[in-house]
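Data block below; observations after.
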Amino acid sequence: MSDAAQANLDGVRLLAAHQVGTSVFHMRAKPVENADDLKGARIGTVTAAGRLFLTQAGATPIDVPLARSAQALTGSEVDGVLLSWDLLPDRAAAKFHAEPGAARLDAPVFVLLMNDATYKGLADDLKKVIQDNSGPEVAAAMIKAFDAHGQTARKAATERGDTIAAMSSEEVERLHSAARTAIEEWLRASEDRSRAQTLDAAREALQN
């Protein structure tokens, strides 16, 4: 892995990292047809970035760990969740799904890590095994597996008779505006200049 990817990690070795698919609004009882439908809606999110975006969009963000998202949808804790298809749990009680196209409204990243001290204590031949099974190729395999699950989840929703709708470009732009404001707030919240550098690096990585 690159030095830039490892730079902000302490005590662990980065083996692979990948981003999941684009986020979708999975709603329990009523659809999200436009940005105004989010006003006051309780939307579960698994990331801090998602929480910032939902706040700017006028929704009420609810922190929901990924492992509890199906349970949260089944009860009355949330009206919906912001998750990509590849993260949507099986049998999730969502009947309406609003897709913002290729727009990324949230950006969960999965990482495969190893204790750095454990790695350094390995014999050279075992270190090579770890090195040979780290990096872009492993990330690509992870992405392929997640993509396959996402396609299965979306197909299952279609077969259940769920409503799956694409948001218009105008409504997506309104959501993008909220996302841009959330990014600006995130940058202003800290005097740490590395935040802006991290954001630029992330954008460059997505383009590549």
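A note on labels: chains of the structure tokens are A, B, ... as shown, every chain counts residues from 1, and ligands are counted from 1 in their shown order.
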
At a cut-off of 7 Å, using only C-alpha atoms, what residues contact Ala35 in chain A? Leave out same-chain residues fewer than 6 positions from it and give the result as an NGL selection string. :A and (171 or 174-175)

Same residues, N, CA and C atoms, saved as a compact mmCIF listing (two decimals), in the first residue's frame:
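Listing of selection-v6.txt after writing:
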```txt
# COMPACT_ATOMS: atom_id res chain seq x y z
N GLU A 171 -33.34 17.20 -8.38
CA GLU A 171 -33.38 16.86 -6.96
C GLU A 171 -32.01 16.38 -6.48
N ARG A 174 -29.92 19.33 -5.70
CA ARG A 174 -30.27 19.91 -4.40
C ARG A 174 -29.58 19.14 -3.28
N LEU A 175 -29.54 17.83 -3.40
CA LEU A 175 -28.87 17.02 -2.39
C LEU A 175 -27.36 17.24 -2.43
```

DSSP strand (DSSP E) selection over chain A, as a PyMOL selection string: chain A and resi 12-19+23-27+42-45+60-63+80-84+96-99+109-115+163-166

Selected residues written out with N, CA and C atoms, as a tab-separated table (two decimals), in the first residue's frame:
```tsv
chain	number	residue	atom	x	y	z
A	12	VAL	N	-1.38	-0.12	13.15
A	12	VAL	CA	-1.98	-1.12	12.27
A	12	VAL	C	-1.37	-0.99	10.88
A	13	ARG	N	-1.44	-2.08	10.15
A	13	ARG	CA	-0.93	-2.10	8.78
A	13	ARG	C	-2.12	-2.21	7.83
A	14	LEU	N	-2.21	-1.31	6.87
A	14	LEU	CA	-3.30	-1.31	5.91
A	14	LEU	C	-3.03	-2.34	4.82
A	15	LEU	N	-3.91	-3.32	4.68
A	15	LEU	CA	-3.76	-4.36	3.67
A	15	LEU	C	-4.57	-4.04	2.41
A	16	ALA	N	-5.75	-3.48	2.60
A	16	ALA	CA	-6.59	-3.13	1.45
A	16	ALA	C	-7.67	-2.17	1.92
A	17	ALA	N	-8.15	-1.36	0.99
A	17	ALA	CA	-9.24	-0.43	1.29
A	17	ALA	C	-10.10	-0.27	0.05
A	18	HIS	N	-11.39	-0.15	0.25
A	18	HIS	CA	-12.27	0.07	-0.90
A	18	HIS	C	-13.51	0.82	-0.45
A	19	GLN	N	-14.16	1.48	-1.40
A	19	GLN	CA	-15.39	2.20	-1.12
A	19	GLN	C	-16.57	1.38	-1.62
A	23	SER	N	-24.89	5.50	-2.33
A	23	SER	CA	-25.91	5.37	-1.30
A	23	SER	C	-27.31	5.57	-1.87
A	24	VAL	N	-28.26	4.87	-1.29
A	24	VAL	CA	-29.67	4.91	-1.69
A	24	VAL	C	-30.50	5.17	-0.44
A	25	PHE	N	-31.61	5.89	-0.60
A	25	PHE	CA	-32.54	6.07	0.51
A	25	PHE	C	-33.49	4.87	0.52
A	26	HIS	N	-33.38	4.04	1.55
A	26	HIS	CA	-34.26	2.88	1.71
A	26	HIS	C	-35.28	3.24	2.79
A	27	MET	N	-36.53	3.42	2.38
A	27	MET	CA	-37.56	3.95	3.28
A	27	MET	C	-38.58	2.87	3.66
A	42	ARG	N	-36.50	10.77	9.88
A	42	ARG	CA	-35.45	10.14	10.68
A	42	ARG	C	-34.73	9.11	9.80
A	43	ILE	N	-33.51	9.45	9.42
A	43	ILE	CA	-32.75	8.61	8.50
A	43	ILE	C	-31.52	8.04	9.21
A	44	GLY	N	-31.42	6.73	9.19
A	44	GLY	CA	-30.27	6.07	9.81
A	44	GLY	C	-29.04	6.19	8.93
A	45	THR	N	-27.91	6.39	9.56
A	45	THR	CA	-26.64	6.49	8.83
A	45	THR	C	-25.55	5.77	9.60
A	60	THR	N	-33.40	14.28	10.04
A	60	THR	CA	-32.91	14.03	11.39
A	60	THR	C	-32.04	12.78	11.34
A	61	PRO	N	-30.72	12.94	11.38
A	61	PRO	CA	-29.86	11.75	11.28
A	61	PRO	C	-29.88	10.93	12.56
A	62	ILE	N	-29.92	9.63	12.40
A	62	ILE	CA	-29.88	8.70	13.53
A	62	ILE	C	-28.68	7.79	13.33
A	63	ASP	N	-27.77	7.78	14.29
A	63	ASP	CA	-26.61	6.90	14.18
A	63	ASP	C	-27.06	5.44	14.35
A	80	GLY	N	-36.12	5.51	7.59
A	80	GLY	CA	-35.36	4.91	6.50
A	80	GLY	C	-33.89	4.94	6.82
A	81	VAL	N	-33.10	4.41	5.91
A	81	VAL	CA	-31.64	4.41	6.09
A	81	VAL	C	-30.99	4.86	4.79
A	82	LEU	N	-29.81	5.44	4.92
A	82	LEU	CA	-28.99	5.82	3.77
A	82	LEU	C	-27.87	4.80	3.64
A	83	LEU	N	-28.04	3.88	2.72
A	83	LEU	CA	-27.08	2.79	2.54
A	83	LEU	C	-27.00	2.42	1.07
A	84	SER	N	-25.85	1.96	0.64
A	84	SER	CA	-25.74	1.41	-0.71
A	84	SER	C	-26.42	0.05	-0.73
A	96	PHE	N	-39.59	1.25	-0.10
A	96	PHE	CA	-39.36	2.29	-1.11
A	96	PHE	C	-37.87	2.60	-1.17
A	97	HIS	N	-37.33	2.67	-2.36
A	97	HIS	CA	-35.91	2.88	-2.55
A	97	HIS	C	-35.69	4.00	-3.56
A	98	ALA	N	-35.03	5.07	-3.13
A	98	ALA	CA	-34.79	6.23	-4.01
A	98	ALA	C	-33.31	6.27	-4.37
A	99	GLU	N	-33.04	6.13	-5.66
A	99	GLU	CA	-31.66	6.08	-6.14
A	99	GLU	C	-31.24	7.43	-6.72
A	109	VAL	N	-16.09	3.67	3.71
A	109	VAL	CA	-14.88	3.00	3.23
A	109	VAL	C	-14.60	1.80	4.12
A	110	PHE	N	-14.38	0.66	3.52
A	110	PHE	CA	-14.03	-0.55	4.26
A	110	PHE	C	-12.52	-0.75	4.16
A	111	VAL	N	-11.91	-1.11	5.28
A	111	VAL	CA	-10.47	-1.34	5.30
A	111	VAL	C	-10.17	-2.70	5.89
A	112	LEU	N	-9.15	-3.33	5.36
A	112	LEU	CA	-8.65	-4.60	5.88
A	112	LEU	C	-7.32	-4.28	6.57
A	113	LEU	N	-7.28	-4.50	7.88
A	113	LEU	CA	-6.12	-4.08	8.68
A	113	LEU	C	-5.48	-5.27	9.39
A	114	MET	N	-4.22	-5.08	9.73
A	114	MET	CA	-3.48	-6.08	10.51
A	114	MET	C	-2.66	-5.35	11.56
A	115	ASN	N	-2.59	-5.94	12.73
A	115	ASN	CA	-1.76	-5.36	13.78
A	115	ASN	C	-0.32	-5.23	13.30
A	163	THR	N	-40.92	-0.51	-4.41
A	163	THR	CA	-40.83	0.59	-5.37
A	163	THR	C	-39.40	1.10	-5.42
A	164	ILE	N	-38.79	1.05	-6.60
A	164	ILE	CA	-37.44	1.56	-6.82
A	164	ILE	C	-37.52	2.68	-7.84
A	165	ALA	N	-37.14	3.89	-7.42
A	165	ALA	CA	-37.28	5.04	-8.31
A	165	ALA	C	-35.97	5.82	-8.37
A	166	ALA	N	-35.69	6.37	-9.54
A	166	ALA	CA	-34.52	7.22	-9.73
A	166	ALA	C	-34.91	8.67	-9.46
```

Name the residues of range 85-156 of chain A that come out as helix (DSSP H, G or I) in a backbone DSSP run; write them as a ChimeraX atom specification. /A:85-87,116-120,124-132,136-156

Extract, using only C-alpha atoms, all DNA, RNA and protein residues at most 9 Å from Leu66 in chain A, discarding same-chain residues fewer than 5 positions from it, and format them as an mmCIF file with N, CA and C atoms, in the first residue's frame.
```
data_model
loop_
_atom_site.group_PDB
_atom_site.id
_atom_site.type_symbol
_atom_site.label_atom_id
_atom_site.label_comp_id
_atom_site.auth_asym_id
_atom_site.auth_seq_id
_atom_site.Cartn_x
_atom_site.Cartn_y
_atom_site.Cartn_z
ATOM 1 N N THR A 45 -27.907 6.388 9.561
ATOM 2 C CA THR A 45 -26.643 6.490 8.829
ATOM 3 C C THR A 45 -25.550 5.774 9.601
ATOM 4 N N VAL A 46 -24.587 5.232 8.883
ATOM 5 C CA VAL A 46 -23.509 4.481 9.536
ATOM 6 C C VAL A 46 -22.219 5.282 9.609
ATOM 7 N N LEU A 87 -24.709 -2.819 1.035
ATOM 8 C CA LEU A 87 -24.705 -2.861 2.495
ATOM 9 C C LEU A 87 -26.091 -3.124 3.080
ATOM 10 N N LEU A 88 -27.113 -3.121 2.239
ATOM 11 C CA LEU A 88 -28.470 -3.329 2.734
ATOM 12 C C LEU A 88 -28.615 -4.752 3.253
ATOM 13 N N PRO A 89 -29.024 -4.908 4.522
ATOM 14 C CA PRO A 89 -29.149 -6.261 5.081
ATOM 15 C C PRO A 89 -30.245 -7.065 4.389
#
```

Residue among A:Tyr119, A:Phe53, A:Trp85, A:Phe146 lying closest to Thr181 in chain A, counting only C-alpha atoms: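 Residue with the minimum atom-to-atom distance to Thr181 in chain A: A:Phe53.
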
Proximity to Ala103 in chain A - best of A:Asp36, A:Asp125, A:Glu170, A:Asp200, only C-alpha atoms: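 Smallest distance to Ala103 in chain A is found for A:Glu170.
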
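Take CA of Ala67 in chain A and CA of Ala94 in chain A: the distance between them is 15.8 Å.
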
Taking 6 positions as the minimum chain separation for residues in the same chain, which residues sit within 10 Å of Ser168 in chain A when counting only C-alpha atoms? Answer as a ChimeraX atom specification. /A:33-34,99-101

Would you put the residues from that selection into a file with C-alpha atoms, as a short mmCIF file (atom, residue, chain, number, x, y, z; two decimals), in the first residue's frame?
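Output contents, as saved in part-v3.cif:
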```cif
data_model
loop_
_atom_site.label_atom_id
_atom_site.label_comp_id
_atom_site.auth_asym_id
_atom_site.auth_seq_id
_atom_site.Cartn_x
_atom_site.Cartn_y
_atom_site.Cartn_z
CA GLU A 33 -39.33 11.61 -4.32
CA ASN A 34 -37.58 14.93 -3.79
CA GLU A 99 -31.66 6.08 -6.14
CA PRO A 100 -29.67 9.30 -6.73
CA GLY A 101 -27.92 7.87 -9.78
#
```

Pick from A:Thr47, A:Ser69, A:Thr152, A:Gln131 nearest to Leu105 in chain A, counting only C-alpha atoms: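 Smallest distance to Leu105 in chain A is found for A:Thr47.
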